[in-house]
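The file start.tsv contains TSV, C-alpha atoms:
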chain	number	residue	atom	x	y	z
Q	20	MET	CA	2.57	23.47	-2.56
Q	21	MET	CA	3.51	22.69	1.03
Q	22	ASN	CA	6.53	24.54	2.41
Q	23	LYS	CA	9.58	22.29	1.96
Q	24	ASN	CA	11.14	23.10	5.33
Q	25	LYS	CA	7.96	22.24	7.18
Q	26	LEU	CA	7.94	18.73	5.69
Q	27	SER	CA	11.66	18.08	6.09
Q	28	ASN	CA	11.48	17.93	9.89
Q	29	ILE	CA	8.69	15.52	10.79
Q	30	ASP	CA	8.82	14.89	14.53
Q	31	GLY	CA	8.15	11.17	14.60
Q	32	ALA	CA	7.15	8.52	12.08
Q	33	GLU	CA	4.00	6.98	10.68
Q	34	ILE	CA	3.89	3.41	12.03
Q	35	SER	CA	1.51	1.25	10.03
Q	36	TRP	CA	0.43	-2.38	9.91
Q	37	PHE	CA	-0.71	-4.60	7.03
Q	38	ALA	CA	-4.13	-6.02	6.12
Q	39	PRO	CA	-3.63	-9.40	4.39
Q	40	LEU	CA	-6.41	-9.06	1.83
Q	41	CYS	CA	-4.50	-11.28	-0.60
Q	42	ASP	CA	-4.57	-14.59	1.25
Q	43	GLY	CA	-1.09	-13.86	2.56
Q	44	ASP	CA	-1.47	-14.85	6.22
Q	45	ASP	CA	-0.08	-18.07	7.73
Q	46	ASP	CA	1.73	-19.51	10.72
Q	47	PHE	CA	4.23	-21.33	8.46
Q	48	LEU	CA	5.23	-19.82	5.11
Q	49	GLY	CA	4.25	-21.89	2.11
Q	50	ASN	CA	2.02	-24.13	4.23
Q	51	ARG	CA	-1.61	-23.14	3.79
Q	52	ASN	CA	-3.58	-23.13	7.01
Q	53	PRO	CA	-7.32	-22.53	6.45
Q	54	ILE	CA	-7.54	-20.81	9.83
Q	55	TYR	CA	-5.68	-17.83	8.33
Q	56	LYS	CA	-7.41	-17.74	4.94
Q	57	SER	CA	-8.07	-14.19	3.77
Q	58	SER	CA	-11.65	-13.36	4.64
Q	59	TRP	CA	-13.70	-10.44	5.88
Q	60	GLU	CA	-13.77	-11.93	9.38
Q	61	ASN	CA	-10.01	-12.54	9.64
Q	62	THR	CA	-8.78	-9.37	7.99
Q	63	SER	CA	-11.24	-7.04	9.69
Q	64	SER	CA	-10.16	-8.47	13.05
Q	65	ILE	CA	-6.51	-7.67	12.26
Q	66	VAL	CA	-7.35	-4.09	11.31
Q	67	LYS	CA	-9.52	-3.53	14.39
Q	68	THR	CA	-6.66	-4.83	16.53
Q	69	ALA	CA	-4.19	-2.46	14.86
Q	70	ASP	CA	-6.60	0.44	15.39
Q	71	LYS	CA	-7.06	-0.39	19.07
Q	72	LEU	CA	-3.29	-0.76	19.65
Q	73	GLY	CA	-2.40	2.65	18.17
Q	74	PHE	CA	-1.02	2.02	14.69
Q	75	LYS	CA	-1.41	5.09	12.50
Q	76	ASN	CA	-2.21	3.50	9.14
Q	77	VAL	CA	-2.87	0.13	7.53
Q	78	LEU	CA	-1.95	-0.95	4.00
Q	79	CYS	CA	-4.81	-2.63	2.12
Q	80	PRO	CA	-3.20	-4.26	-0.94
Q	81	SER	CA	-4.71	-5.20	-4.29
Q	82	SER	CA	-4.56	-8.66	-5.89
Q	83	TYR	CA	-6.92	-10.31	-8.36
Q	84	GLN	CA	-6.09	-14.00	-8.04
Q	85	VAL	CA	-6.42	-14.50	-4.30
Q	86	GLY	CA	-7.63	-11.16	-3.03
Q	87	GLN	CA	-10.51	-9.30	-1.47
Q	88	ASP	CA	-11.33	-5.95	-3.06
Q	89	PRO	CA	-9.54	-3.18	-1.12
Q	90	LEU	CA	-12.05	-0.42	-1.87
Q	91	SER	CA	-15.00	-2.50	-0.68
Q	92	PHE	CA	-13.03	-3.66	2.35
Q	93	VAL	CA	-12.13	-0.13	3.44
Q	94	ALA	CA	-15.73	1.02	3.01
Q	95	GLY	CA	-16.82	-1.77	5.32
Q	96	MET	CA	-14.19	-0.85	7.90
Q	97	ALA	CA	-15.04	2.86	8.05
Q	98	SER	CA	-17.60	2.56	10.84
Q	99	LEU	CA	-15.71	-0.24	12.63
Q	100	THR	CA	-12.55	1.79	13.34
Q	101	GLU	CA	-11.90	5.05	15.16
Q	102	ASN	CA	-8.39	6.40	14.63
Q	103	ILE	CA	-6.39	4.39	12.11
Q	104	ASN	CA	-5.87	5.66	8.56
Q	105	PHE	CA	-6.29	3.39	5.54
Q	106	LEU	CA	-3.71	3.13	2.76
Q	107	VAL	CA	-5.82	1.62	0.00
Q	108	ALA	CA	-4.12	0.24	-3.12
Q	109	ILE	CA	-5.51	1.61	-6.41
Q	110	ARG	CA	-4.57	-0.27	-9.57
Q	111	CYS	CA	-4.56	2.46	-12.23
Q	112	GLY	CA	-6.78	1.64	-15.19
Q	113	GLU	CA	-9.08	-0.63	-13.22
Q	114	LEU	CA	-11.78	2.04	-12.86
Q	115	HIS	CA	-12.61	4.95	-15.15
Q	116	PRO	CA	-10.73	7.88	-13.52
Q	117	PRO	CA	-13.74	10.16	-12.84
Q	118	MET	CA	-15.55	7.21	-11.25
Q	119	LEU	CA	-12.42	6.35	-9.29
Q	120	ALA	CA	-12.24	9.96	-8.08
Q	121	ARG	CA	-15.86	9.71	-6.95
Q	122	THR	CA	-15.22	6.41	-5.16
Q	123	ILE	CA	-12.16	7.80	-3.35
Q	124	ALA	CA	-14.03	10.98	-2.39
Q	125	SER	CA	-16.90	8.89	-1.00
Q	126	LEU	CA	-14.48	6.79	1.06
Q	127	ASP	CA	-12.73	9.92	2.29
Q	128	HIS	CA	-16.01	11.32	3.62
Q	129	MET	CA	-16.94	7.99	5.21
Q	130	LEU	CA	-13.55	7.92	6.98
Q	131	LYS	CA	-13.55	11.66	7.84
Q	132	GLY	CA	-10.12	12.10	6.27
Q	133	ARG	CA	-8.55	8.82	7.42
Q	134	LEU	CA	-7.73	7.86	3.82
Q	135	THR	CA	-4.44	7.63	1.94
Q	136	ILE	CA	-3.91	6.12	-1.53
Q	137	ASN	CA	-1.27	3.66	-2.74
Q	138	ILE	CA	-0.85	4.13	-6.50
Q	139	ILE	CA	-0.29	0.79	-8.27
Q	140	SER	CA	0.81	0.48	-11.92
Q	141	SER	CA	0.94	-3.32	-12.26
Q	142	ASN	CA	-0.77	-5.01	-15.19
Q	143	LEU	CA	-4.49	-5.55	-14.91
Q	144	PRO	CA	-5.46	-9.24	-14.83
Q	145	GLY	CA	-5.41	-10.65	-18.35
Q	146	THR	CA	-3.40	-7.76	-19.84
Q	147	ASP	CA	0.27	-7.33	-20.65
Q	148	LEU	CA	1.29	-3.73	-21.14
Q	149	SER	CA	4.91	-2.66	-21.02
Q	150	SER	CA	6.23	-0.88	-17.95
Q	151	LYS	CA	6.43	2.37	-19.91
Q	152	GLU	CA	2.79	2.08	-21.02
Q	153	ARG	CA	1.56	1.27	-17.54
Q	154	TYR	CA	3.31	4.26	-15.98
Q	155	ALA	CA	2.04	6.51	-18.78
Q	156	ARG	CA	-1.51	5.40	-17.97
Q	157	SER	CA	-0.93	5.95	-14.24
Q	158	ARG	CA	0.37	9.44	-14.98
Q	159	GLU	CA	-2.90	10.29	-16.72
Q	160	VAL	CA	-5.01	8.76	-13.94
Q	161	ILE	CA	-3.19	10.75	-11.25
Q	162	GLN	CA	-3.55	14.02	-13.14
Q	163	ILE	CA	-7.28	13.44	-13.55
Q	164	LEU	CA	-7.66	12.62	-9.85
Q	165	LYS	CA	-5.82	15.78	-8.87
Q	166	GLN	CA	-7.93	17.90	-11.21
Q	167	SER	CA	-11.15	16.39	-9.93
Q	168	TRP	CA	-10.21	17.07	-6.31
Q	169	SER	CA	-8.93	20.63	-6.75
Q	170	GLN	CA	-10.73	22.16	-9.76
Q	171	ASP	CA	-14.35	22.80	-10.72
Q	172	GLN	CA	-13.89	21.20	-14.13
Q	173	ILE	CA	-11.90	18.20	-15.35
Q	174	LYS	CA	-10.23	19.11	-18.64
Q	175	PHE	CA	-7.81	16.47	-19.83
Q	176	LYS	CA	-6.52	15.23	-23.19
Q	177	GLY	CA	-4.16	12.27	-23.09
Q	178	ASN	CA	-3.46	9.05	-24.94
Q	179	TYR	CA	-5.69	6.98	-22.65
Q	180	TYR	CA	-8.33	9.48	-21.48
Q	181	GLN	CA	-10.00	12.56	-22.99
Q	182	LEU	CA	-12.33	14.33	-20.58
Q	183	ASP	CA	-14.26	17.56	-20.20
Q	184	LEU	CA	-16.78	17.37	-17.35
Q	185	THR	CA	-17.68	18.91	-14.02
Q	186	SER	CA	-15.90	17.73	-10.89
Q	187	ARG	CA	-18.61	18.79	-8.43
Q	188	PRO	CA	-19.60	15.21	-7.44
Q	189	VAL	CA	-16.05	14.12	-6.54
Q	190	LYS	CA	-14.75	16.58	-3.96
Q	191	PRO	CA	-13.03	14.73	-1.08
Q	192	TYR	CA	-13.24	15.38	2.64
Q	193	GLN	CA	-9.55	16.26	2.84
Q	194	GLN	CA	-8.72	19.76	1.67
Q	195	ASN	CA	-5.38	20.99	0.25
Q	196	GLY	CA	-5.17	18.37	-2.47
Q	197	GLY	CA	-7.15	15.34	-1.36
Q	198	PRO	CA	-5.72	12.10	0.07
Q	199	LEU	CA	-1.96	11.64	0.14
Q	200	LEU	CA	-0.53	9.54	-2.70
Q	201	TYR	CA	1.96	6.80	-1.80
Q	202	PHE	CA	3.91	5.16	-4.62
Q	203	GLY	CA	6.40	2.33	-5.04
Q	204	GLY	CA	8.39	1.73	-8.22
Q	205	TYR	CA	11.99	1.41	-9.32
Q	206	SER	CA	12.07	1.94	-13.08
Q	207	PRO	CA	13.06	5.39	-14.39
Q	208	ASP	CA	9.47	6.00	-15.53
Q	209	GLY	CA	8.15	5.08	-12.08
Q	210	VAL	CA	10.66	7.27	-10.26
Q	211	ASP	CA	9.79	10.19	-12.51
Q	212	LEU	CA	6.06	9.70	-11.94
Q	213	CYS	CA	6.47	9.68	-8.16
Q	214	ALA	CA	8.80	12.67	-8.20
Q	215	GLU	CA	6.31	14.80	-10.12
Q	216	PHE	CA	3.00	13.82	-8.55
Q	217	CYS	CA	3.18	11.68	-5.38
Q	218	ASP	CA	3.78	12.43	-1.72
Q	219	VAL	CA	5.46	9.33	-0.22
Q	220	TYR	CA	7.92	7.07	-2.01
Q	221	LEU	CA	7.56	3.53	-0.67
Q	222	MET	CA	10.59	1.24	-0.80
Q	223	TRP	CA	11.00	-2.46	-0.10
Q	224	PRO	CA	13.83	-3.66	2.16
Q	225	GLU	CA	17.40	-3.16	0.98
Q	226	THR	CA	20.71	-2.73	2.72
Q	227	GLU	CA	20.93	0.71	4.30
Q	228	SER	CA	23.44	1.88	1.68
Q	229	LYS	CA	21.15	0.84	-1.18
Q	230	LEU	CA	18.15	2.53	0.46
Q	231	LYS	CA	20.19	5.71	0.73
Q	232	GLY	CA	20.97	5.47	-2.98
Q	233	LEU	CA	17.28	5.14	-3.86
Q	234	MET	CA	16.44	8.12	-1.64
Q	235	ASP	CA	19.15	10.29	-3.17
Q	236	THR	CA	17.90	9.47	-6.67
Q	237	MET	CA	14.32	10.34	-5.76
Q	238	THR	CA	15.31	13.54	-3.95
Q	239	LEU	CA	17.25	14.72	-6.99
Q	240	LYS	CA	14.46	13.87	-9.39
Q	241	ALA	CA	11.81	15.56	-7.21
Q	242	SER	CA	13.94	18.69	-6.98
Q	243	SER	CA	13.83	18.94	-10.77
Q	244	TYR	CA	10.07	19.47	-10.35
Q	245	ASN	CA	10.64	21.88	-7.43
Q	246	ARG	CA	9.08	19.31	-5.08
Q	247	THR	CA	10.02	17.19	-2.09
Q	248	VAL	CA	8.89	13.61	-1.55
Q	249	LYS	CA	8.77	11.82	1.80
Q	250	PHE	CA	10.03	8.25	2.17
Q	251	GLY	CA	8.42	5.06	3.43
Q	252	LEU	CA	9.61	1.49	4.00
Q	253	ARG	CA	7.46	-1.63	3.65
Q	254	VAL	CA	9.15	-4.35	5.71
Q	255	HIS	CA	8.22	-7.39	7.81
Q	256	VAL	CA	9.26	-7.62	11.45
Q	257	ILE	CA	9.94	-10.39	13.98
Q	258	VAL	CA	10.55	-9.11	17.50
Q	259	ARG	CA	10.91	-11.21	20.64
Q	260	GLU	CA	12.26	-10.65	24.14
Q	261	THR	CA	15.68	-12.00	23.05
Q	262	GLU	CA	17.51	-12.05	19.72
Q	263	GLN	CA	17.82	-15.83	19.92
Q	264	GLU	CA	14.03	-16.21	20.23
Q	265	ALA	CA	13.49	-13.90	17.25
Q	266	ARG	CA	15.96	-15.77	15.06
Q	267	GLU	CA	14.48	-19.11	16.08
Q	268	TYR	CA	11.01	-17.90	15.12
Q	269	ALA	CA	12.34	-16.75	11.73
Q	270	ASP	CA	13.75	-20.24	11.14
Q	271	LEU	CA	10.45	-21.77	12.24
Q	272	LEU	CA	8.48	-19.71	9.70
Q	273	ILE	CA	10.26	-21.38	6.76
Q	274	SER	CA	10.73	-24.80	8.38
Q	275	LYS	CA	7.88	-26.37	6.37
Q	276	LEU	CA	8.56	-24.58	3.09
Q	277	ASP	CA	9.01	-26.52	-0.12
Q	278	LEU	CA	11.32	-24.21	-2.12
Q	279	GLU	CA	9.70	-25.15	-5.44
Q	280	LYS	CA	6.29	-24.30	-4.00
Q	281	GLY	CA	7.72	-21.02	-2.73
Q	282	THR	CA	8.79	-20.17	-6.27
Q	283	ASP	CA	5.27	-20.87	-7.54
Q	284	ILE	CA	3.82	-18.59	-4.83
Q	285	ARG	CA	6.16	-15.76	-5.83
Q	286	ASN	CA	5.48	-16.15	-9.55
Q	287	ARG	CA	1.68	-16.00	-9.32
Q	288	ALA	CA	1.70	-12.30	-8.41
Q	289	GLN	CA	0.86	-9.69	-11.08
Q	290	ASP	CA	4.18	-7.93	-10.37
Q	291	ALA	CA	6.34	-11.08	-10.26
Q	292	ALA	CA	8.54	-9.91	-13.15
Q	293	SER	CA	8.97	-6.32	-11.94
Q	294	LEU	CA	12.27	-4.60	-11.25
Q	295	GLY	CA	11.35	-4.30	-7.57
Q	296	VAL	CA	10.81	-8.05	-7.21
Q	297	SER	CA	14.12	-8.75	-8.95
Q	298	ARG	CA	15.88	-6.45	-6.47
Q	299	GLN	CA	14.39	-8.48	-3.61
Q	300	SER	CA	15.71	-11.68	-5.19
Q	301	LYS	CA	19.15	-10.10	-5.58
Q	302	LEU	CA	19.09	-9.05	-1.93
Q	303	ARG	CA	18.42	-12.64	-0.91
Q	304	GLU	CA	21.28	-13.86	-3.10
Q	305	GLU	CA	23.65	-11.53	-1.24
Q	306	SER	CA	22.67	-12.85	2.19
Q	307	ASP	CA	24.54	-15.41	4.31
Q	308	GLU	CA	23.62	-19.07	4.81
Q	309	LYS	CA	20.93	-18.09	7.33
Q	310	TYR	CA	19.54	-15.43	4.93
Q	311	TYR	CA	20.82	-12.37	6.84
Q	312	VAL	CA	22.09	-9.68	4.48
Q	313	GLU	CA	23.09	-7.20	7.21
Q	314	PRO	CA	22.65	-7.18	11.00
Q	315	ASN	CA	18.99	-7.84	11.91
Q	316	LEU	CA	17.77	-7.86	8.28
Q	317	TRP	CA	16.57	-11.34	7.26
Q	318	THR	CA	15.68	-12.16	3.65
Q	319	GLY	CA	14.30	-15.67	4.22
Q	320	ILE	CA	10.75	-14.39	4.18
Q	321	GLY	CA	11.07	-13.73	0.45
Q	322	LEU	CA	11.45	-17.44	-0.23
Q	323	ALA	CA	7.66	-17.80	-0.09
Q	324	ARG	CA	6.19	-14.49	-1.23
Q	325	SER	CA	6.46	-11.95	-4.02
Q	326	GLY	CA	7.09	-8.31	-3.25
Q	327	CYS	CA	8.50	-7.26	0.11
Q	328	GLY	CA	10.93	-10.09	0.95
Q	329	ALA	CA	12.80	-9.22	4.14
Q	330	ALA	CA	12.17	-8.71	7.84
Q	331	ILE	CA	13.77	-6.84	10.71
Q	332	VAL	CA	14.60	-9.58	13.23
Q	333	GLY	CA	15.79	-9.07	16.79
Q	334	ASN	CA	15.02	-8.12	20.36
Q	335	PRO	CA	13.17	-4.86	21.14
Q	336	ASP	CA	16.36	-2.82	21.50
Q	337	GLN	CA	17.68	-4.06	18.16
Q	338	VAL	CA	14.41	-3.49	16.33
Q	339	VAL	CA	14.01	0.01	17.75
Q	340	ALA	CA	17.63	0.84	16.91
Q	341	LYS	CA	17.14	-0.34	13.32
Q	342	ILE	CA	13.98	1.75	12.93
Q	343	GLU	CA	15.71	4.78	14.44
Q	344	ARG	CA	18.57	4.43	11.94
Q	345	TYR	CA	16.04	4.43	9.14
Q	346	ILE	CA	14.39	7.54	10.59
Q	347	LYS	CA	17.76	9.32	10.75
Q	348	MET	CA	18.21	8.44	7.07
Q	349	GLY	CA	14.99	10.34	6.34
Q	350	ILE	CA	12.35	7.58	6.30
Q	351	ASN	CA	9.15	8.82	7.94
Q	352	SER	CA	6.66	6.04	7.16
Q	353	PHE	CA	6.86	2.32	7.99
Q	354	ILE	CA	4.49	-0.45	6.98
Q	355	PHE	CA	5.18	-3.51	9.13
Q	356	SER	CA	3.72	-7.01	9.07
Q	357	GLY	CA	4.38	-10.46	10.51
Q	358	TYR	CA	3.14	-14.03	10.44
Q	359	PRO	CA	0.49	-14.60	11.58
Q	360	HIS	CA	-0.48	-10.96	11.30
Q	361	GLU	CA	-2.74	-10.45	14.29
Q	362	LYS	CA	-0.43	-12.16	16.78
Q	363	GLU	CA	2.62	-10.30	15.48
Q	364	CYS	CA	0.68	-7.01	15.52
Q	365	GLU	CA	0.05	-7.49	19.23
Q	366	ILE	CA	3.67	-8.46	19.98
Q	367	PHE	CA	5.06	-5.45	18.08
Q	368	ALA	CA	2.60	-3.12	19.83
Q	369	ARG	CA	3.69	-4.44	23.22
Q	370	LEU	CA	7.47	-4.54	22.71
Q	371	VAL	CA	8.22	-1.74	20.22
Q	372	LEU	CA	5.38	0.68	19.50
Q	373	PRO	CA	5.40	2.46	22.90
Q	374	ARG	CA	9.06	3.36	22.31
Q	375	LEU	CA	8.37	5.18	19.03
Q	376	LYS	CA	6.95	8.65	18.53
Q	377	THR	CA	4.21	8.34	15.95
Q	378	VAL	CA	2.46	10.81	13.65
Q	379	SER	CA	-0.36	10.79	11.12
Q	380	LEU	CA	1.04	11.94	7.78
Q	381	PRO	CA	-2.28	13.40	6.53
Q	382	LYS	CA	-2.20	15.70	9.56
Q	383	VAL	CA	1.45	16.61	8.91
Q	384	PHE	CA	0.60	17.51	5.32
Q	385	GLY	CA	-2.41	19.54	6.46
Q	386	ARG	CA	-4.91	17.38	4.59
Q	387	VAL	CA	-7.63	17.33	7.27
Q	388	PRO	CA	-9.98	20.35	7.42
Q	389	ASN	CA	-9.28	22.72	10.29
Q	390	SER	CA	-13.04	23.12	10.66
Q	391	GLU	CA	-13.25	19.59	12.09
Q	392	PRO	CA	-11.73	19.91	15.59
Q	393	ASN	CA	-13.18	16.56	16.65
Q	394	SER	CA	-11.68	14.68	13.70
Q	395	PRO	CA	-9.76	11.54	14.76
Q	396	LEU	CA	-6.64	13.19	13.33
Q	397	ALA	CA	-7.10	16.59	14.96
Q	398	ASN	CA	-4.75	15.88	17.85
Q	399	GLY	CA	-1.88	15.06	15.54
Q	400	VAL	CA	1.10	13.48	17.27
Q	401	ARG	CA	0.57	10.50	19.51
Q	402	LYS	CA	3.40	9.30	21.74

Please render this file's structure as structure tokens.
Amino acid sequence: MMNKNKLSNIDGAEISWFAPLCDGDDDFLGNRNPIYKSSWENTSSIVKTADKLGFKNVLCPSSYQVGQDPLSFVAGMASLTENINFLVAIRCGELHPPMLARTIASLDHMLKGRLTINIISSNLPGTDLSSKERYARSREVIQILKQSWSQDQIKFKGNYYQLDLTSRPVKPYQQNGGPLLYFGGYSPDGVDLCAEFCDVYLMWPETESKLKGLMDTMTLKASSYNRTVKFGLRVHVIVRETEQEAREYADLLISKLDLEKGTDIRNRAQDAASLGVSRQSKLREESDEKYYVEPNLWTGIGLARSGCGAAIVGNPDQVVAKIERYIKMGINSFIFSGYPHEKECEIFARLVLPRLKTVSLPKVFGRVPNSEPNSPLANGVRK
């Protein structure tokens, strides 16, 4: 286990962007523009731009109805990128765990350690398990992955999987435990799962006081397992030279939105009924008439999408100040996005990114082999 003190003082933050694999890119929310349709060409261009501009990681989400496959996408991007890590979403139960371990290990070698994993426990398409059942299955999948990456033999007896087989074919590139596991979930079963097994607890936007409450709960639960968990925030961002320009752009994004259509868009997601989505709806209900729930936090974006439903909105000083407050709270990983994604990636990189000290979390956790001095992550911190 990594020394707790070493991980409690990360000098900088992981600044990541978002790969809209799930047909979630547009210039106006709720108004489909075929130019931005999710495709290999569009999404790969966004990721290559983020890599070139210095983002440390990119979230590659999973969705059945309107999505590209994240594992296939990341495999295709391995040779097209140089420095950026990939946070690939894994829907537990979708692949047989030993085969999933082999797939992840293969990707990890292709990327030379630039791989992180986002554990997803949503229902598989066409199924309807309870939250408790889904997290129980995820718990078994994670334990099998960890065995396969760190032991010579997988020996596991659970309710969903019973295994006794060699793990020789599934050893990853990253030593000291394999790829980092990121996790987002709000139910007691989800919090307990993350506290026991995962490395980074991902939260969606909340008021700062509510985020602090979530972090305190997770810290306490992780301590019961003699562990520490780092914290991440998945949030949209709109930054412009002036606050007025940023707020005007936020209004423009929803200017063509039919609210009934927005509800349909939100409800089509596999996690539409989750506790996390309900918290985003509650956050929006607490906002003012312009959808601001606290200074520079705008919830209007959630009118037309499920999941993460708020954005940091402001000028560069305001956006940097907001991020720095989050960092002081103990958040070390940020996954940003904007509409349309490639344009907003470039704007954020120009106005905000140079003012932040960035790190690669796999390097911080010591997950890249020391025997690879020329690894893209070997130099660690990038200013």

Exercise: residues within 12 Å of coordinate (5.3, -0.1, -20.7), counting all atoms listed in the file, as a ChimeraX atom specification = /Q:140-142,146-157,206-209,293

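The two atoms in question, CA of Phe47 (chain Q) and CA of Ser297 (chain Q), are spaced 23.6 Å apart.
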
Give me the residues within 8 Å of Asp45 (chain Q) as a compact mmCIF listing (two decimals) with C-alpha atoms, in the coordinates of the input, counting only C-alpha atoms and dropping any in the same chain fewer than 2 places off.
# COMPACT_ATOMS: atom_id res chain seq x y z
CA GLY Q 43 -1.09 -13.86 2.56
CA PHE Q 47 4.23 -21.33 8.46
CA LEU Q 48 5.23 -19.82 5.11
CA ASN Q 50 2.02 -24.13 4.23
CA ARG Q 51 -1.61 -23.14 3.79
CA ASN Q 52 -3.58 -23.13 7.01
CA TYR Q 55 -5.68 -17.83 8.33
CA LYS Q 56 -7.41 -17.74 4.94
CA TYR Q 358 3.14 -14.03 10.44
CA PRO Q 359 0.49 -14.60 11.58
CA HIS Q 360 -0.48 -10.96 11.30

request  = Tell me which protein, DNA and RNA residues are within 8 Å of Pro381 (chain Q), counting all atoms listed in the file, leaving out same-chain ones fewer than 2 positions away, and put them as a VMD selection string.
outcome  = chain Q and resid 132 to 133 135 198 to 199 379 383 to 387

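Among the candidates Q:Ile65, Q:Val93, Q:Leu106, Q:Val338, the residue lying nearest to Thr261 (chain Q) is Q:Val338 (atoms considered: all atoms listed in the file).
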
Contacts of Leu316 (chain Q) at 8 Å (all atoms listed in the file; same-chain gap of 3+ positions) as a list in words = Tyr311, Val312, Glu313, Ala329, Ala330, Ile331 and Val332 of chain Q

Those selected residues, please, written with C-alpha atoms and delivered as a compact mmCIF listing (two decimals), in the coordinates of the input.
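To be explicit, this is the file written out as part_25.txt:
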# COMPACT_ATOMS: atom_id res chain seq x y z
CA TYR Q 311 20.82 -12.37 6.84
CA VAL Q 312 22.09 -9.68 4.48
CA GLU Q 313 23.09 -7.20 7.21
CA ALA Q 329 12.80 -9.22 4.14
CA ALA Q 330 12.17 -8.71 7.84
CA ILE Q 331 13.77 -6.84 10.71
CA VAL Q 332 14.60 -9.58 13.23

task = Within 12 Å of Arg298 (chain Q), counting only C-alpha atoms, which residues show up once you throw out same-chain ones fewer than 6 positions away? Write them as a ChimeraX atom specification, please.
result = /Q:204-206,222-226,229-230,233,291-292,304-305,318,321,325-329

message = I'd like the contact shell of region 77-79 of chain Q - 8 Å cut-off, all atoms listed in the file, skipping same-chain residues fewer than 6 positions apart - returned as a VMD selection string.
response = chain Q and resid 35 to 40 66 69 89 93 103 to 108 354

key: Atomic distance CA of Lys376 (chain Q) - CA of Thr238 (chain Q), expressed in Å with one decimal   = 24.5 Å

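Proximity to Gln194 (chain Q) was assessed for Q:Cys217, Q:Ile109, Q:Leu272, Q:Ala124 counting all atoms listed in the file; the smallest distance is recorded for Q:Ala124.
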
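Of note, CA of Lys67 (chain Q) and CA of Ile34 (chain Q) are spaced 15.3 Å apart.
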
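Candidate residues Q:Ser125, Q:Ser82, Q:Ser98, Q:Asn351 were compared for distance to Glu113 (chain Q), and the nearest is Q:Ser82, using only C-alpha atoms.
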
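You can rank Q:Leu239, Q:Ala94, Q:Val258, Q:Leu182 by their closest distance to Glu365 (chain Q) using all atoms listed in the file, and at the top of that list sits Q:Val258.
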
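Using all atoms listed in the file for every distance, the candidate list Q:Asn28, Q:Thr100, Q:Ser58, Q:Ser228 yields Q:Ser228 as the residue closest to Tyr345 (chain Q).
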
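Minimum atom-to-atom distances from Q:Ile138, Q:Ala368, Q:Val378, Q:Leu276 to Gly203 (chain Q) were compared using all atoms listed in the file, and the lowest value belongs to Q:Ile138.
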